[in-house]
Amino acid sequence: MTEQGRYFYVDSINGDDSCSGFTPEEAWKSLEKVNEMIFQPGDHIRFRRGGEWHGMLRFQGNGSAWSPIAVEAYGEGGMPQIHGDGCYAAVLLEGVSHWRVKELAVTNEAETRSVRQGICICGSPQGITEDIVIEGCEISRVAGENRRAREVYQSMYWNSGIYVTMPGRSSDKNHLHDIIISNNYVHDVLTSGIRVNQQEDFINDIHHTHVVVRGNRIERTGSDGIIVANCISPLIDGNVCLNAGALGSLEDTRLIAGIWVCAVSDALIQRNEVGGTRLFENDGTAFDTDWGTAGDTIFQYNYTHDNQGGFWLDCMGINRNRECGKTILRYNISIDDKRCLIQDDYGLPAHLYGNLFINSEEGPLICCHKEGESHIFRNNIFHFAGRPANGWQKSSFQRNWYSGNTEFPESDREANGDVPFCFSGLLDNKPVSREECESYWNLLAALGDE
């Protein structure tokens, strides 16, 4: 049964910490007053729109499954603004469960870089930390860390605009559950956009459950766009990630990707748009299946464009998980992704079918760094301005379609028994938006299967 709970109001302009906080007229004023309160199931903490607060907002207390604690905005004007001013996190939910945080604008500026978050969920080292939703917030101007070559716990992988983590290592009994990051706007941060992990890195602990990253917009980061680790069957769905690494540098950042997973099992990455990911030393791709993945990682119905490093990075063999299956890339649309379709090949299978690859310049490399012998292309559409750089290399091509000036591989001619079918005129007007991709996704799903 739902518990009634209490309503608390916080007003940086007219509030007074000596008041009860129970009505807008009796609102509290400071973050310090909020931070000292231990909230109960069903409570609502409402920040006045147009208000601004400085320092760390740190919540205490647990809601319940039927009566979560809600953080909301009230009144008229812009979203309430929480300015971390260089603290570890502007908003911190540490060791608490059953919370809903909505409609806050968060910054965390400082004169120097350090490990900093906009909003941080930090699970308890013992037990299940569960049922936390971050929704409809704006996170910007986080002066975090975007240097890769730093001491452990101090590099760019231990902070983010929205950072979800826990101390030490996760396990069957100690992990995160039911964490939803949805419809947030993360932009102009020196960190990555959204990061899910555990404190101890490069270990194949896969225990977090029901983690969903959906409908977020990420623009102009200092490192990666979205990184999800240590999760069973995570869902990364419907996000827009543009210009990841735009605030990074070759010297500091070195290697990034738009959206990628590591130490996860059976991840599903779908309906995302990824564009303009920067290439520094290497990588720079829209997507990446990285170290320690288990089961099958699936990328489907995504729209990628203008990523400097290419479409997908194959790092499945790094810190190889004995339960790793394959990566499936299907029904995606890749337009003018640079350098290559795939970077690297660690000897584990990748099946690419029903994809549309368009490149209006000279054909990209099919596989960079390796020859791509583990990659099977079946029932895809290739529309290149010319022959792929270095030819078709050693990937397997079966029953693909070719359009424009694309020179098809002899292996596909042999597989089809005739000249592969050409879509003349189909791609005269290439899709340029997510909405225009819809009809192509329907076509690709009809053409491509295993």
# chains A, B, ... in the order shown; residues from 1 in each chain; ligands from 1
$ residues_around --residues "Pro234 of chain A" --least-positions-apart "2" --cutoff "8 Å" --atoms "only C-alpha atoms" --output "JSON, numbers by chain"
{"A": [209, 210, 211, 212, 228, 231, 232, 236, 264, 265, 266, 267, 268]}
$ write_last_selection --atoms "C-alpha atoms" --output "mmCIF file, in the first residue's frame"
data_model
loop_
_atom_site.group_PDB
_atom_site.id
_atom_site.type_symbol
_atom_site.label_atom_id
_atom_site.label_comp_id
_atom_site.auth_asym_id
_atom_site.auth_seq_id
_atom_site.Cartn_x
_atom_site.Cartn_y
_atom_site.Cartn_z
ATOM 1 C CA THR A 209 20.478 -5.966 -12.960
ATOM 2 C CA HIS A 210 17.786 -4.048 -14.835
ATOM 3 C CA VAL A 211 19.933 -1.079 -15.801
ATOM 4 C CA VAL A 212 18.325 1.086 -18.491
ATOM 5 C CA VAL A 228 27.986 0.687 -19.436
ATOM 6 C CA CYS A 231 25.524 -5.334 -15.941
ATOM 7 C CA ILE A 232 23.386 -8.320 -16.844
ATOM 8 C CA ILE A 236 20.808 1.323 -24.039
ATOM 9 C CA VAL A 264 28.365 -7.018 -19.521
ATOM 10 C CA SER A 265 26.294 -9.977 -20.659
ATOM 11 C CA ASP A 266 23.797 -9.886 -23.525
ATOM 12 C CA ALA A 267 23.696 -6.108 -23.883
ATOM 13 C CA LEU A 268 21.097 -4.564 -26.208
#
$ select_by_dssp --residues "segment 226-417 of chain A" --states "strand (DSSP E)" --output "MDAnalysis selection string"
chainID A and resid 226:229 231:232 235:237 240:242 255:262 268:270 273:275 282:289 295:300 303:305 310:314 324:330 333:335 340:343 350:353 356:359 365:368 375:378 381:384 396:398 401:404
$ closest_atom_pairs --of "segment 200-287 of chain A" --to "segment 316-330 of chain A" --cutoff "12 Å" --atoms "only C-alpha atoms" --output "JSON lines"
{"residue": "A:Asp201", "atom": "CA", "partner": "A:Asn319", "partner_atom": "CA", "distance": 11.4}
{"residue": "A:Phe202", "atom": "CA", "partner": "A:Asn319", "partner_atom": "CA", "distance": 7.6}
{"residue": "A:Ile203", "atom": "CA", "partner": "A:Asn319", "partner_atom": "CA", "distance": 8.3}
{"residue": "A:Asn204", "atom": "CA", "partner": "A:Asn321", "partner_atom": "CA", "distance": 7.1}
{"residue": "A:Asp205", "atom": "CA", "partner": "A:Asn321", "partner_atom": "CA", "distance": 10.2}
{"residue": "A:Ile206", "atom": "CA", "partner": "A:Asn321", "partner_atom": "CA", "distance": 10.7}
{"residue": "A:Trp260", "atom": "CA", "partner": "A:Met316", "partner_atom": "CA", "distance": 11.4}
{"residue": "A:Val261", "atom": "CA", "partner": "A:Met316", "partner_atom": "CA", "distance": 10.0}
{"residue": "A:Cys262", "atom": "CA", "partner": "A:Met316", "partner_atom": "CA", "distance": 8.6}
{"residue": "A:Ala263", "atom": "CA", "partner": "A:Asn321", "partner_atom": "CA", "distance": 8.1}
{"residue": "A:Val264", "atom": "CA", "partner": "A:Cys324", "partner_atom": "CA", "distance": 9.7}
{"residue": "A:Ser265", "atom": "CA", "partner": "A:Cys324", "partner_atom": "CA", "distance": 8.1}
{"residue": "A:Asp266", "atom": "CA", "partner": "A:Gly325", "partner_atom": "CA", "distance": 9.0}
{"residue": "A:Ala267", "atom": "CA", "partner": "A:Thr327", "partner_atom": "CA", "distance": 9.6}
{"residue": "A:Leu268", "atom": "CA", "partner": "A:Ile328", "partner_atom": "CA", "distance": 9.8}
{"residue": "A:Ile269", "atom": "CA", "partner": "A:Leu329", "partner_atom": "CA", "distance": 9.6}
{"residue": "A:Gln270", "atom": "CA", "partner": "A:Arg330", "partner_atom": "CA", "distance": 9.7}
{"residue": "A:Arg271", "atom": "CA", "partner": "A:Arg330", "partner_atom": "CA", "distance": 11.3}
{"residue": "A:Phe287", "atom": "CA", "partner": "A:Leu329", "partner_atom": "CA", "distance": 10.1}
$ write_last_selection --atoms "N, CA and C atoms" --output "short mmCIF file (atom, residue, chain, number, x, y, z; two decimals), in the first residue's frame"
data_model
loop_
_atom_site.label_atom_id
_atom_site.label_comp_id
_atom_site.auth_asym_id
_atom_site.auth_seq_id
_atom_site.Cartn_x
_atom_site.Cartn_y
_atom_site.Cartn_z
N ASP A 201 37.97 -1.85 -11.58
CA ASP A 201 37.85 -1.90 -13.03
C ASP A 201 38.59 -3.09 -13.61
N PHE A 202 38.27 -3.41 -14.85
CA PHE A 202 38.93 -4.45 -15.65
C PHE A 202 38.79 -5.83 -15.00
N ILE A 203 37.67 -6.04 -14.32
CA ILE A 203 37.33 -7.33 -13.73
C ILE A 203 35.98 -7.75 -14.30
N ASN A 204 35.86 -9.01 -14.69
CA ASN A 204 34.63 -9.46 -15.34
C ASN A 204 33.52 -9.77 -14.33
N ASP A 205 33.23 -8.82 -13.46
CA ASP A 205 32.09 -8.92 -12.55
C ASP A 205 30.85 -8.45 -13.29
N ILE A 206 29.87 -9.31 -13.43
CA ILE A 206 28.65 -8.95 -14.17
C ILE A 206 27.46 -9.27 -13.26
N TRP A 260 29.50 2.42 -25.75
CA TRP A 260 30.17 1.11 -25.68
C TRP A 260 29.90 0.41 -24.37
N VAL A 261 30.16 -0.89 -24.41
CA VAL A 261 29.93 -1.74 -23.24
C VAL A 261 31.16 -2.58 -22.97
N CYS A 262 31.36 -2.93 -21.71
CA CYS A 262 32.43 -3.84 -21.30
C CYS A 262 31.96 -4.58 -20.05
N ALA A 263 32.44 -5.79 -19.84
CA ALA A 263 32.05 -6.60 -18.68
C ALA A 263 30.54 -6.60 -18.49
N VAL A 264 29.81 -6.86 -19.57
CA VAL A 264 28.36 -7.02 -19.52
C VAL A 264 28.01 -8.34 -20.19
N SER A 265 26.79 -8.81 -19.94
CA SER A 265 26.29 -9.98 -20.66
C SER A 265 25.04 -9.60 -21.44
N ASP A 266 25.00 -10.02 -22.69
CA ASP A 266 23.80 -9.89 -23.53
C ASP A 266 23.24 -8.46 -23.54
N ALA A 267 24.12 -7.51 -23.82
CA ALA A 267 23.70 -6.11 -23.88
C ALA A 267 22.89 -5.86 -25.15
N LEU A 268 21.90 -4.98 -25.06
CA LEU A 268 21.10 -4.56 -26.21
C LEU A 268 21.23 -3.06 -26.38
N ILE A 269 21.76 -2.66 -27.52
CA ILE A 269 21.98 -1.24 -27.84
C ILE A 269 21.16 -0.95 -29.08
N GLN A 270 20.10 -0.17 -28.95
CA GLN A 270 19.17 -0.02 -30.07
C GLN A 270 18.59 1.39 -30.14
N ARG A 271 18.21 1.77 -31.38
CA ARG A 271 17.48 3.01 -31.67
C ARG A 271 18.22 4.26 -31.23
N PHE A 287 30.30 2.85 -32.06
CA PHE A 287 30.03 1.78 -31.10
C PHE A 287 31.28 0.97 -30.82
#
$ closest_residue --among "A:Tyr185, A:Trp28, A:Phe59, A:Tyr303" --to "Arg217 of chain A" --atoms "only C-alpha atoms"
A:Tyr185
$ residues_around --residues "Gln198 of chain A" --least-positions-apart "4" --cutoff "10 Å" --atoms "only C-alpha atoms" --output "PyMOL selection string"
chain A and resi 122-123+125+158+164-170+175-176+202-203+205-208+229-231
$ residues_around --residues "segment 101-111 of chain A" --least-positions-apart "3" --cutoff "6 Å" --atoms "only C-alpha atoms" --output "PDB file with N, CA and C atoms, in the first residue's frame"
ATOM      1  N   VAL A  71      12.120  13.812  -5.876  1.00  0.00           N
ATOM      2  CA  VAL A  71      12.727  15.142  -5.945  1.00  0.00           C
ATOM      3  C   VAL A  71      12.157  15.821  -7.178  1.00  0.00           C
ATOM      4  N   GLU A  72      11.518  16.982  -6.989  1.00  0.00           N
ATOM      5  CA  GLU A  72      10.754  17.612  -8.064  1.00  0.00           C
ATOM      6  C   GLU A  72      10.986  19.123  -8.070  1.00  0.00           C
ATOM      7  N   MET A  79      14.422  25.445 -14.666  1.00  0.00           N
ATOM      8  CA  MET A  79      14.636  24.359 -13.710  1.00  0.00           C
ATOM      9  C   MET A  79      15.485  24.828 -12.535  1.00  0.00           C
ATOM     10  N   PRO A  80      15.237  24.302 -11.343  1.00  0.00           N
ATOM     11  CA  PRO A  80      16.102  24.603 -10.197  1.00  0.00           C
ATOM     12  C   PRO A  80      17.550  24.221 -10.529  1.00  0.00           C
ATOM     13  N   GLN A  81      18.496  25.084 -10.150  1.00  0.00           N
ATOM     14  CA  GLN A  81      19.895  24.875 -10.496  1.00  0.00           C
ATOM     15  C   GLN A  81      20.712  24.525  -9.253  1.00  0.00           C
ATOM     16  N   ILE A  82      21.443  23.396  -9.363  1.00  0.00           N
ATOM     17  CA  ILE A  82      22.344  22.979  -8.296  1.00  0.00           C
ATOM     18  C   ILE A  82      23.762  23.097  -8.837  1.00  0.00           C
ATOM     19  N   HIS A  83      24.568  23.986  -8.249  1.00  0.00           N
ATOM     20  CA  HIS A  83      25.935  24.221  -8.698  1.00  0.00           C
ATOM     21  C   HIS A  83      26.902  23.576  -7.704  1.00  0.00           C
ATOM     22  N   GLY A  84      27.573  22.525  -8.138  1.00  0.00           N
ATOM     23  CA  GLY A  84      28.461  21.810  -7.231  1.00  0.00           C
ATOM     24  C   GLY A  84      29.698  22.577  -6.836  1.00  0.00           C
ATOM     25  N   ASP A  85      30.126  23.524  -7.672  1.00  0.00           N
ATOM     26  CA  ASP A  85      31.287  24.380  -7.369  1.00  0.00           C
ATOM     27  C   ASP A  85      32.541  23.591  -7.021  1.00  0.00           C
ATOM     28  N   GLY A  86      32.752  22.468  -7.746  1.00  0.00           N
ATOM     29  CA  GLY A  86      34.008  21.737  -7.602  1.00  0.00           C
ATOM     30  C   GLY A  86      33.999  20.602  -6.601  1.00  0.00           C
ATOM     31  N   ALA A  90      27.656  17.223  -7.676  1.00  0.00           N
ATOM     32  CA  ALA A  90      26.674  18.253  -7.359  1.00  0.00           C
ATOM     33  C   ALA A  90      25.463  17.641  -6.674  1.00  0.00           C
ATOM     34  N   ILE A 134      16.785   8.703 -12.557  1.00  0.00           N
ATOM     35  CA  ILE A 134      17.222  10.071 -12.849  1.00  0.00           C
ATOM     36  C   ILE A 134      16.573  10.444 -14.168  1.00  0.00           C
ATOM     37  N   GLU A 135      15.699  11.423 -14.162  1.00  0.00           N
ATOM     38  CA  GLU A 135      14.885  11.686 -15.353  1.00  0.00           C
ATOM     39  C   GLU A 135      14.695  13.189 -15.574  1.00  0.00           C
ATOM     40  N   GLY A 136      14.847  13.599 -16.828  1.00  0.00           N
ATOM     41  CA  GLY A 136      14.520  14.968 -17.210  1.00  0.00           C
ATOM     42  C   GLY A 136      15.419  16.020 -16.622  1.00  0.00           C
ATOM     43  N   CYS A 137      16.651  15.659 -16.261  1.00  0.00           N
ATOM     44  CA  CYS A 137      17.589  16.622 -15.701  1.00  0.00           C
ATOM     45  C   CYS A 137      18.519  17.153 -16.792  1.00  0.00           C
ATOM     46  N   GLU A 138      19.117  18.288 -16.541  1.00  0.00           N
ATOM     47  CA  GLU A 138      20.132  18.857 -17.438  1.00  0.00           C
ATOM     48  C   GLU A 138      21.447  18.946 -16.677  1.00  0.00           C
ATOM     49  N   ILE A 139      22.473  18.340 -17.236  1.00  0.00           N
ATOM     50  CA  ILE A 139      23.795  18.334 -16.606  1.00  0.00           C
ATOM     51  C   ILE A 139      24.771  18.974 -17.560  1.00  0.00           C
ATOM     52  N   SER A 140      25.480  20.000 -17.121  1.00  0.00           N
ATOM     53  CA  SER A 140      26.423  20.701 -17.997  1.00  0.00           C
ATOM     54  C   SER A 140      27.566  21.273 -17.165  1.00  0.00           C
ATOM     55  N   ARG A 141      28.631  21.672 -17.854  1.00  0.00           N
ATOM     56  CA  ARG A 141      29.760  22.375 -17.248  1.00  0.00           C
ATOM     57  C   ARG A 141      30.309  21.633 -16.016  1.00  0.00           C
ATOM     58  N   VAL A 142      30.592  20.355 -16.213  1.00  0.00           N
ATOM     59  CA  VAL A 142      31.222  19.556 -15.160  1.00  0.00           C
ATOM     60  C   VAL A 142      32.723  19.516 -15.442  1.00  0.00           C
ATOM     61  N   ALA A 143      33.508  20.139 -14.564  1.00  0.00           N
ATOM     62  CA  ALA A 143      34.971  20.203 -14.744  1.00  0.00           C
ATOM     63  C   ALA A 143      35.589  18.925 -14.205  1.00  0.00           C
TER      64      ALA A 143
END
$ residues_around --residues "segment 16-23 of chain A" --least-positions-apart "4" --cutoff "10 Å" --atoms "only C-alpha atoms" --output "JSON, numbers by chain"
{"A": [6, 7, 8, 9, 10, 11, 12, 27, 28, 29, 30, 31, 32, 33, 34, 45, 46]}
$ write_last_selection --atoms "C-alpha atoms" --output "PDB file, in the first residue's frame"
ATOM      1  CA  ARG A   6       5.317  14.520   3.373  1.00  0.00           C
ATOM      2  CA  TYR A   7       5.983  17.478   1.081  1.00  0.00           C
ATOM      3  CA  PHE A   8       9.048  19.654   1.671  1.00  0.00           C
ATOM      4  CA  TYR A   9       9.645  22.932  -0.210  1.00  0.00           C
ATOM      5  CA  VAL A  10      13.012  24.575  -0.803  1.00  0.00           C
ATOM      6  CA  ASP A  11      13.233  28.195  -2.000  1.00  0.00           C
ATOM      7  CA  SER A  12      16.655  29.831  -2.409  1.00  0.00           C
ATOM      8  CA  ALA A  27       9.939  26.748   2.562  1.00  0.00           C
ATOM      9  CA  TRP A  28      13.490  25.957   3.600  1.00  0.00           C
ATOM     10  CA  LYS A  29      16.299  27.927   2.012  1.00  0.00           C
ATOM     11  CA  SER A  30      19.574  25.960   1.896  1.00  0.00           C
ATOM     12  CA  LEU A  31      21.009  22.673   0.724  1.00  0.00           C
ATOM     13  CA  GLU A  32      22.449  22.194   4.214  1.00  0.00           C
ATOM     14  CA  LYS A  33      18.933  21.959   5.615  1.00  0.00           C
ATOM     15  CA  VAL A  34      17.974  19.362   3.002  1.00  0.00           C
ATOM     16  CA  ILE A  45      11.344  17.330  -1.902  1.00  0.00           C
ATOM     17  CA  ARG A  46      10.366  20.238  -4.130  1.00  0.00           C
TER      18      ARG A  46
END
